[in-house]
Amino acid sequence: MEEYLRPSLKSNKPICFCDMDGCVADYDKRVQENRVAGIKEHELTRAKNAYKDLELIPGAYDAVQWLSEHFDFYLASTSPWSCPDAWMQKRIWAEEYLGKVVKKRLILTHNKGLLKGDLLIDDRIANGVADFEGTFIHFGSLQFPDWDTTIEWLKNGDGQKIFERFEVRQRILKSKCYR
Ligand SMILES: [Mg+2]
C-alpha cells in the first residue's frame, strides 16, 4: 500500500502555494489604469468587477502548468473582506485564465502563515507570508524578477533543494513503514 507524507492529499510531490495578484494576475495594472481615471485603490477594491478579467502576468500560465506538474500546486490569495463578490471573481478568474490544473486548488485566506507546505511564491510578505515555514520565493524581487528566472531557479538552481528535502522525508517515511 502506498504511503504518503500527507495522507489526505494522496500526493507524492512537494506542496507549492502561489499568490494571485502580482504573481499570476496583473492587478497592479488595473490599479494604475483606475488611478489615471481618478479611482483610488481602496475604492477599486470595493468596486464591482475589480478582479474580473485581469491580464495574466507574462509567463504565468506556463509557470503554473510547470508548477502543477512538479508540485502539489495551490493558489493562495487574500480577497478583500469588504467585497464578497471579489471572492467569486477570483474563483472564476482562476478557471478561465489558468485552466483545469487549478480546479479545487484555490485557497482564500488572510493568514498564509497557517499554510503547511514546501514552497510559497508571493510578491508581498503581508497576510502571514512572513510566518510561512517552508521556502519563500519573493516574486518581483531582485532575485526573482519574473517567471523565467523563478522556474529556472526551481529547475536548475538552489530550488532543487526543495525536491531533495522532500525525497529525504519520503525515504524516512518508507523506512518507518517497511521496517
Ligand atoms: Mg500579491
# chains A, B, ... in the order shown; residues from 1 in each chain; ligands from 1
$ residues_around --residues "segment 136-150 of chain A" --least-positions-apart "3" --cutoff "12 Å" --atoms "only C-alpha atoms" --output "VMD selection string"
chain A and resid 16 to 24 56 to 67 112 to 113 117 to 126 128 to 133 153 to 160 162
$ closest_residue --among "A:Asn34, A:Ser175, A:Asn127, A:Thr45" --to "ligand 1" --atoms "only C-alpha atoms and all ligand atoms"
A:Asn127
$ residues_around --residues "segment 80-85 of chain A" --least-positions-apart "5" --cutoff "9 Å" --atoms "only C-alpha atoms" --output "MDAnalysis selection string"
chainID A and resid 45:49 90 110
$ residues_around --residues "Glu95 of chain A" --least-positions-apart "6" --cutoff "10 Å" --atoms "only C-alpha atoms" --output "PyMOL selection string"
chain A and resi 101-104+106
$ write_last_selection --atoms "N, CA and C atoms" --output "PDB file, in the first residue's frame"
ATOM      1  N   VAL A 101      -5.840  22.808 -14.234  1.00  0.00           N
ATOM      2  CA  VAL A 101      -4.856  22.434 -13.202  1.00  0.00           C
ATOM      3  C   VAL A 101      -5.144  23.088 -11.846  1.00  0.00           C
ATOM      4  N   VAL A 102      -5.945  24.150 -11.845  1.00  0.00           N
ATOM      5  CA  VAL A 102      -6.234  24.801 -10.560  1.00  0.00           C
ATOM      6  C   VAL A 102      -7.622  24.429 -10.011  1.00  0.00           C
ATOM      7  N   LYS A 103      -8.280  23.486 -10.667  1.00  0.00           N
ATOM      8  CA  LYS A 103      -9.609  23.078 -10.186  1.00  0.00           C
ATOM      9  C   LYS A 103      -9.543  22.598  -8.731  1.00  0.00           C
ATOM     10  N   LYS A 104     -10.369  23.187  -7.881  1.00  0.00           N
ATOM     11  CA  LYS A 104     -10.434  22.872  -6.443  1.00  0.00           C
ATOM     12  C   LYS A 104      -9.094  23.116  -5.744  1.00  0.00           C
ATOM     13  N   LEU A 106      -7.873  26.415  -5.008  1.00  0.00           N
ATOM     14  CA  LEU A 106      -7.827  27.840  -4.667  1.00  0.00           C
ATOM     15  C   LEU A 106      -8.095  28.002  -3.173  1.00  0.00           C
TER      16      LEU A 106
END
$ select_by_dssp --residues "segment 4-148 of chain A" --states "strand (DSSP E)" --output "list in words"
Ile15, Cys16, Phe17, Cys18, Asp72, Phe73, Tyr74, Leu75, Ala76, Ser77, Leu106, Ile107, Leu108, Leu119, Leu120, Ile121, Asp122, Thr135, Phe136, Ile137 and His138 of chain A
$ write_last_selection --atoms "C-alpha atoms" --output "PDB file, in the first residue's frame"
ATOM      1  CA  ILE A  15       3.404  21.288  -1.905  1.00  0.00           C
ATOM      2  CA  CYS A  16       3.537  24.705  -3.560  1.00  0.00           C
ATOM      3  CA  PHE A  17       1.290  27.694  -2.856  1.00  0.00           C
ATOM      4  CA  CYS A  18       1.244  30.635  -5.249  1.00  0.00           C
ATOM      5  CA  ASP A  72       1.052  19.588  -5.459  1.00  0.00           C
ATOM      6  CA  PHE A  73       0.020  23.066  -6.512  1.00  0.00           C
ATOM      7  CA  TYR A  74      -2.449  25.532  -4.909  1.00  0.00           C
ATOM      8  CA  LEU A  75      -3.308  29.157  -5.466  1.00  0.00           C
ATOM      9  CA  ALA A  76      -3.231  31.067  -2.178  1.00  0.00           C
ATOM     10  CA  SER A  77      -4.749  34.514  -2.330  1.00  0.00           C
ATOM     11  CA  LEU A 106      -7.827  27.840  -4.667  1.00  0.00           C
ATOM     12  CA  ILE A 107      -7.263  28.846  -1.047  1.00  0.00           C
ATOM     13  CA  LEU A 108      -8.529  32.274   0.018  1.00  0.00           C
ATOM     14  CA  LEU A 119       7.088  26.427  -1.166  1.00  0.00           C
ATOM     15  CA  LEU A 120       5.211  29.724  -1.156  1.00  0.00           C
ATOM     16  CA  ILE A 121       5.517  32.188  -4.044  1.00  0.00           C
ATOM     17  CA  ASP A 122       4.261  35.690  -3.262  1.00  0.00           C
ATOM     18  CA  THR A 135      10.785  28.047   1.269  1.00  0.00           C
ATOM     19  CA  PHE A 136       9.596  31.527   0.286  1.00  0.00           C
ATOM     20  CA  ILE A 137      10.091  32.960  -3.194  1.00  0.00           C
ATOM     21  CA  HIS A 138       9.669  36.721  -3.149  1.00  0.00           C
TER      22      HIS A 138
END
$ closest_residue --among "A:Asp26, A:Glu43, A:Glu3, A:Glu33" --to "ligand 1" --atoms "only C-alpha atoms and all ligand atoms"
A:Asp26
$ closest_residue --among "A:Thr78, A:Leu98, A:Ser8, A:His70" --to "ligand 1" --atoms "only C-alpha atoms and all ligand atoms"
A:Thr78
$ select_by_dssp --residues "segment 4-172 of chain A" --states "alpha helix (DSSP H)" --output "PyMOL selection string"
chain A and resi 27-36+41-46+60-70+84-98+147-156+160-172
$ write_last_selection --atoms "C-alpha atoms" --output "tab-separated table (two decimals), in the first residue's frame"
chain	number	residue	atom	x	y	z
A	27	TYR	CA	-3.93	43.59	-10.51
A	28	ASP	CA	-1.34	46.39	-10.36
A	29	LYS	CA	-2.08	47.27	-13.97
A	30	ARG	CA	-5.78	47.63	-13.12
A	31	VAL	CA	-4.90	49.84	-10.14
A	32	GLN	CA	-2.78	52.08	-12.39
A	33	GLU	CA	-5.49	52.33	-15.04
A	34	ASN	CA	-8.06	53.28	-12.42
A	35	ARG	CA	-5.71	55.78	-10.79
A	36	VAL	CA	-5.48	57.56	-14.12
A	41	GLU	CA	-7.15	51.74	-4.78
A	42	HIS	CA	-9.41	51.38	-1.73
A	43	GLU	CA	-12.36	52.45	-3.89
A	44	LEU	CA	-11.39	49.96	-6.60
A	45	THR	CA	-11.14	47.09	-4.09
A	46	ARG	CA	-14.81	47.56	-3.26
A	60	ALA	CA	2.40	32.96	-15.53
A	61	TYR	CA	0.28	30.49	-17.49
A	62	ASP	CA	3.22	28.28	-18.46
A	63	ALA	CA	4.73	28.64	-14.99
A	64	VAL	CA	1.54	27.40	-13.33
A	65	GLN	CA	1.38	24.43	-15.71
A	66	TRP	CA	5.01	23.56	-14.85
A	67	LEU	CA	4.46	24.03	-11.12
A	68	SER	CA	1.37	21.81	-11.28
A	69	GLU	CA	3.41	19.07	-12.88
A	70	HIS	CA	6.19	19.13	-10.31
A	84	PRO	CA	-17.54	39.20	-1.05
A	85	ASP	CA	-18.05	39.47	-4.79
A	86	ALA	CA	-14.26	39.56	-5.22
A	87	TRP	CA	-14.03	36.05	-3.74
A	88	MET	CA	-16.22	34.75	-6.55
A	89	GLN	CA	-14.34	36.74	-9.19
A	90	LYS	CA	-11.07	35.13	-8.12
A	91	ARG	CA	-12.58	31.64	-8.37
A	92	ILE	CA	-13.89	32.38	-11.89
A	93	TRP	CA	-10.64	34.07	-12.98
A	94	ALA	CA	-8.57	31.08	-11.85
A	95	GLU	CA	-10.52	28.69	-14.04
A	96	GLU	CA	-10.73	30.98	-17.05
A	97	TYR	CA	-7.09	32.04	-17.10
A	98	LEU	CA	-5.19	29.08	-15.65
A	147	TRP	CA	8.66	33.74	-14.07
A	148	ASP	CA	11.57	32.73	-16.34
A	149	THR	CA	14.05	33.36	-13.53
A	150	THR	CA	11.83	31.71	-10.94
A	151	ILE	CA	11.25	28.50	-12.89
A	152	GLU	CA	14.92	28.31	-13.88
A	153	TRP	CA	15.87	28.55	-10.16
A	154	LEU	CA	13.50	25.69	-9.37
A	155	LYS	CA	14.64	23.56	-12.32
A	156	ASN	CA	18.40	24.06	-12.15
A	160	GLN	CA	16.29	21.80	-6.42
A	161	LYS	CA	16.93	21.53	-2.67
A	162	ILE	CA	13.16	21.69	-2.12
A	163	PHE	CA	12.80	18.44	-4.07
A	164	GLU	CA	15.85	16.87	-2.39
A	165	ARG	CA	14.49	17.63	1.10
A	166	PHE	CA	11.14	16.18	0.10
A	167	GLU	CA	12.81	12.98	-1.18
A	168	VAL	CA	14.66	12.57	2.12
A	169	ARG	CA	11.40	12.92	4.07
A	170	GLN	CA	9.78	10.34	1.80
A	171	ARG	CA	12.66	7.90	2.30
A	172	ILE	CA	12.35	8.29	6.07
$ closest_residue --among "A:Lys40, A:Ser79, A:Gly134, A:Asn12" --to "ligand 1" --atoms "only C-alpha atoms and all ligand atoms"
A:Ser79
$ closest_residue --among "A:Pro7, A:Ala25, A:Lys13, A:Lys176" --to "Tyr51 of chain A" --atoms "only C-alpha atoms"
A:Ala25
$ atom_distance --atom1 "atom CA of Leu9 of chain A" --atom2 "atom CA of Asn111 of chain A"
20.9 Å
$ decode --residues "segment 127-171 of chain A" --atoms "N, CA and C atoms" --output "PDB file, in the first residue's frame"
ATOM      1  N   ASN A 127      -0.061  39.495   5.141  1.00  0.00           N
ATOM      2  CA  ASN A 127      -1.043  38.410   5.302  1.00  0.00           C
ATOM      3  C   ASN A 127      -0.414  37.081   5.718  1.00  0.00           C
ATOM      4  N   GLY A 128       0.519  37.163   6.645  1.00  0.00           N
ATOM      5  CA  GLY A 128       1.083  35.946   7.248  1.00  0.00           C
ATOM      6  C   GLY A 128       2.206  35.298   6.469  1.00  0.00           C
ATOM      7  N   VAL A 129       2.562  35.833   5.298  1.00  0.00           N
ATOM      8  CA  VAL A 129       3.609  35.211   4.475  1.00  0.00           C
ATOM      9  C   VAL A 129       4.912  35.056   5.263  1.00  0.00           C
ATOM     10  N   ALA A 130       5.233  36.062   6.093  1.00  0.00           N
ATOM     11  CA  ALA A 130       6.496  36.035   6.858  1.00  0.00           C
ATOM     12  C   ALA A 130       6.558  34.845   7.812  1.00  0.00           C
ATOM     13  N   ASP A 131       5.414  34.288   8.176  1.00  0.00           N
ATOM     14  CA  ASP A 131       5.394  33.146   9.109  1.00  0.00           C
ATOM     15  C   ASP A 131       5.406  31.794   8.406  1.00  0.00           C
ATOM     16  N   PHE A 132       5.387  31.799   7.074  1.00  0.00           N
ATOM     17  CA  PHE A 132       5.362  30.526   6.348  1.00  0.00           C
ATOM     18  C   PHE A 132       6.636  29.742   6.651  1.00  0.00           C
ATOM     19  N   GLU A 133       6.515  28.463   6.946  1.00  0.00           N
ATOM     20  CA  GLU A 133       7.674  27.691   7.422  1.00  0.00           C
ATOM     21  C   GLU A 133       8.480  27.004   6.327  1.00  0.00           C
ATOM     22  N   GLY A 134       7.965  26.974   5.097  1.00  0.00           N
ATOM     23  CA  GLY A 134       8.717  26.375   4.001  1.00  0.00           C
ATOM     24  C   GLY A 134       9.569  27.423   3.294  1.00  0.00           C
ATOM     25  N   THR A 135       9.992  27.111   2.069  1.00  0.00           N
ATOM     26  CA  THR A 135      10.785  28.047   1.269  1.00  0.00           C
ATOM     27  C   THR A 135       9.873  29.152   0.731  1.00  0.00           C
ATOM     28  N   PHE A 136      10.375  30.380   0.787  1.00  0.00           N
ATOM     29  CA  PHE A 136       9.596  31.527   0.286  1.00  0.00           C
ATOM     30  C   PHE A 136      10.295  32.128  -0.929  1.00  0.00           C
ATOM     31  N   ILE A 137       9.586  32.249  -2.015  1.00  0.00           N
ATOM     32  CA  ILE A 137      10.091  32.960  -3.194  1.00  0.00           C
ATOM     33  C   ILE A 137       9.409  34.321  -3.236  1.00  0.00           C
ATOM     34  N   HIS A 138      10.223  35.361  -3.114  1.00  0.00           N
ATOM     35  CA  HIS A 138       9.669  36.721  -3.149  1.00  0.00           C
ATOM     36  C   HIS A 138       9.597  37.169  -4.603  1.00  0.00           C
ATOM     37  N   PHE A 139       8.463  36.895  -5.224  1.00  0.00           N
ATOM     38  CA  PHE A 139       8.288  37.176  -6.652  1.00  0.00           C
ATOM     39  C   PHE A 139       8.328  38.694  -6.904  1.00  0.00           C
ATOM     40  N   GLY A 140       9.071  39.071  -7.957  1.00  0.00           N
ATOM     41  CA  GLY A 140       9.204  40.502  -8.267  1.00  0.00           C
ATOM     42  C   GLY A 140      10.398  41.140  -7.589  1.00  0.00           C
ATOM     43  N   SER A 141      11.091  40.381  -6.716  1.00  0.00           N
ATOM     44  CA  SER A 141      12.293  40.910  -6.054  1.00  0.00           C
ATOM     45  C   SER A 141      13.476  40.816  -7.030  1.00  0.00           C
ATOM     46  N   LEU A 142      14.636  41.331  -6.611  1.00  0.00           N
ATOM     47  CA  LEU A 142      15.815  41.284  -7.481  1.00  0.00           C
ATOM     48  C   LEU A 142      16.185  39.841  -7.832  1.00  0.00           C
ATOM     49  N   GLN A 143      16.043  38.948  -6.858  1.00  0.00           N
ATOM     50  CA  GLN A 143      16.409  37.550  -7.127  1.00  0.00           C
ATOM     51  C   GLN A 143      15.397  36.840  -8.028  1.00  0.00           C
ATOM     52  N   PHE A 144      14.110  37.223  -7.891  1.00  0.00           N
ATOM     53  CA  PHE A 144      13.056  36.561  -8.668  1.00  0.00           C
ATOM     54  C   PHE A 144      12.198  37.594  -9.402  1.00  0.00           C
ATOM     55  N   PRO A 145      12.784  38.277 -10.402  1.00  0.00           N
ATOM     56  CA  PRO A 145      12.063  39.381 -11.035  1.00  0.00           C
ATOM     57  C   PRO A 145      10.909  38.935 -11.931  1.00  0.00           C
ATOM     58  N   ASP A 146      10.962  37.701 -12.429  1.00  0.00           N
ATOM     59  CA  ASP A 146       9.920  37.242 -13.365  1.00  0.00           C
ATOM     60  C   ASP A 146       9.802  35.717 -13.306  1.00  0.00           C
ATOM     61  N   TRP A 147       8.896  35.191 -14.121  1.00  0.00           N
ATOM     62  CA  TRP A 147       8.664  33.738 -14.074  1.00  0.00           C
ATOM     63  C   TRP A 147       9.805  32.933 -14.687  1.00  0.00           C
ATOM     64  N   ASP A 148      10.449  33.463 -15.735  1.00  0.00           N
ATOM     65  CA  ASP A 148      11.568  32.730 -16.340  1.00  0.00           C
ATOM     66  C   ASP A 148      12.645  32.450 -15.293  1.00  0.00           C
ATOM     67  N   THR A 149      13.011  33.494 -14.558  1.00  0.00           N
ATOM     68  CA  THR A 149      14.051  33.362 -13.531  1.00  0.00           C
ATOM     69  C   THR A 149      13.599  32.409 -12.431  1.00  0.00           C
ATOM     70  N   THR A 150      12.356  32.523 -12.044  1.00  0.00           N
ATOM     71  CA  THR A 150      11.831  31.711 -10.942  1.00  0.00           C
ATOM     72  C   THR A 150      11.822  30.223 -11.302  1.00  0.00           C
ATOM     73  N   ILE A 151      11.317  29.911 -12.493  1.00  0.00           N
ATOM     74  CA  ILE A 151      11.248  28.499 -12.894  1.00  0.00           C
ATOM     75  C   ILE A 151      12.656  27.932 -13.113  1.00  0.00           C
ATOM     76  N   GLU A 152      13.537  28.760 -13.678  1.00  0.00           N
ATOM     77  CA  GLU A 152      14.922  28.306 -13.877  1.00  0.00           C
ATOM     78  C   GLU A 152      15.580  27.964 -12.528  1.00  0.00           C
ATOM     79  N   TRP A 153      15.327  28.788 -11.505  1.00  0.00           N
ATOM     80  CA  TRP A 153      15.873  28.546 -10.159  1.00  0.00           C
ATOM     81  C   TRP A 153      15.344  27.226  -9.595  1.00  0.00           C
ATOM     82  N   LEU A 154      14.085  26.945  -9.867  1.00  0.00           N
ATOM     83  CA  LEU A 154      13.499  25.691  -9.372  1.00  0.00           C
ATOM     84  C   LEU A 154      14.010  24.482 -10.158  1.00  0.00           C
ATOM     85  N   LYS A 155      14.207  24.674 -11.463  1.00  0.00           N
ATOM     86  CA  LYS A 155      14.642  23.561 -12.322  1.00  0.00           C
ATOM     87  C   LYS A 155      16.119  23.237 -12.130  1.00  0.00           C
ATOM     88  N   ASN A 156      16.950  24.277 -12.110  1.00  0.00           N
ATOM     89  CA  ASN A 156      18.401  24.057 -12.153  1.00  0.00           C
ATOM     90  C   ASN A 156      19.184  24.765 -11.059  1.00  0.00           C
ATOM     91  N   GLY A 157      18.537  25.530 -10.231  1.00  0.00           N
ATOM     92  CA  GLY A 157      19.248  26.291  -9.206  1.00  0.00           C
ATOM     93  C   GLY A 157      19.031  25.709  -7.819  1.00  0.00           C
ATOM     94  N   ASP A 158      19.167  26.568  -6.822  1.00  0.00           N
ATOM     95  CA  ASP A 158      19.018  26.132  -5.428  1.00  0.00           C
ATOM     96  C   ASP A 158      17.628  25.590  -5.117  1.00  0.00           C
ATOM     97  N   GLY A 159      16.669  25.916  -5.973  1.00  0.00           N
ATOM     98  CA  GLY A 159      15.309  25.413  -5.781  1.00  0.00           C
ATOM     99  C   GLY A 159      15.243  23.898  -5.790  1.00  0.00           C
ATOM    100  N   GLN A 160      16.253  23.261  -6.400  1.00  0.00           N
ATOM    101  CA  GLN A 160      16.291  21.796  -6.421  1.00  0.00           C
ATOM    102  C   GLN A 160      16.334  21.217  -5.003  1.00  0.00           C
ATOM    103  N   LYS A 161      16.845  22.017  -4.063  1.00  0.00           N
ATOM    104  CA  LYS A 161      16.935  21.534  -2.670  1.00  0.00           C
ATOM    105  C   LYS A 161      15.550  21.238  -2.095  1.00  0.00           C
ATOM    106  N   ILE A 162      14.542  21.944  -2.591  1.00  0.00           N
ATOM    107  CA  ILE A 162      13.165  21.687  -2.120  1.00  0.00           C
ATOM    108  C   ILE A 162      12.789  20.236  -2.439  1.00  0.00           C
ATOM    109  N   PHE A 163      13.123  19.805  -3.658  1.00  0.00           N
ATOM    110  CA  PHE A 163      12.799  18.436  -4.072  1.00  0.00           C
ATOM    111  C   PHE A 163      13.668  17.423  -3.314  1.00  0.00           C
ATOM    112  N   GLU A 164      14.950  17.780  -3.098  1.00  0.00           N
ATOM    113  CA  GLU A 164      15.854  16.869  -2.385  1.00  0.00           C
ATOM    114  C   GLU A 164      15.365  16.647  -0.945  1.00  0.00           C
ATOM    115  N   ARG A 165      14.983  17.747  -0.290  1.00  0.00           N
ATOM    116  CA  ARG A 165      14.491  17.629   1.097  1.00  0.00           C
ATOM    117  C   ARG A 165      13.229  16.765   1.147  1.00  0.00           C
ATOM    118  N   PHE A 166      12.378  16.950   0.147  1.00  0.00           N
ATOM    119  CA  PHE A 166      11.140  16.176   0.096  1.00  0.00           C
ATOM    120  C   PHE A 166      11.446  14.681  -0.077  1.00  0.00           C
ATOM    121  N   GLU A 167      12.410  14.381  -0.961  1.00  0.00           N
ATOM    122  CA  GLU A 167      12.810  12.982  -1.183  1.00  0.00           C
ATOM    123  C   GLU A 167      13.307  12.343   0.110  1.00  0.00           C
ATOM    124  N   VAL A 168      14.124  13.094   0.856  1.00  0.00           N
ATOM    125  CA  VAL A 168      14.662  12.573   2.123  1.00  0.00           C
ATOM    126  C   VAL A 168      13.515  12.246   3.068  1.00  0.00           C
ATOM    127  N   ARG A 169      12.550  13.154   3.165  1.00  0.00           N
ATOM    128  CA  ARG A 169      11.403  12.919   4.065  1.00  0.00           C
ATOM    129  C   ARG A 169      10.615  11.687   3.616  1.00  0.00           C
ATOM    130  N   GLN A 170      10.500  11.520   2.309  1.00  0.00           N
ATOM    131  CA  GLN A 170       9.778  10.341   1.802  1.00  0.00           C
ATOM    132  C   GLN A 170      10.519   9.054   2.132  1.00  0.00           C
ATOM    133  N   ARG A 171      11.862   9.103   1.997  1.00  0.00           N
ATOM    134  CA  ARG A 171      12.656   7.899   2.300  1.00  0.00           C
ATOM    135  C   ARG A 171      12.507   7.521   3.772  1.00  0.00           C
TER     136      ARG A 171
END
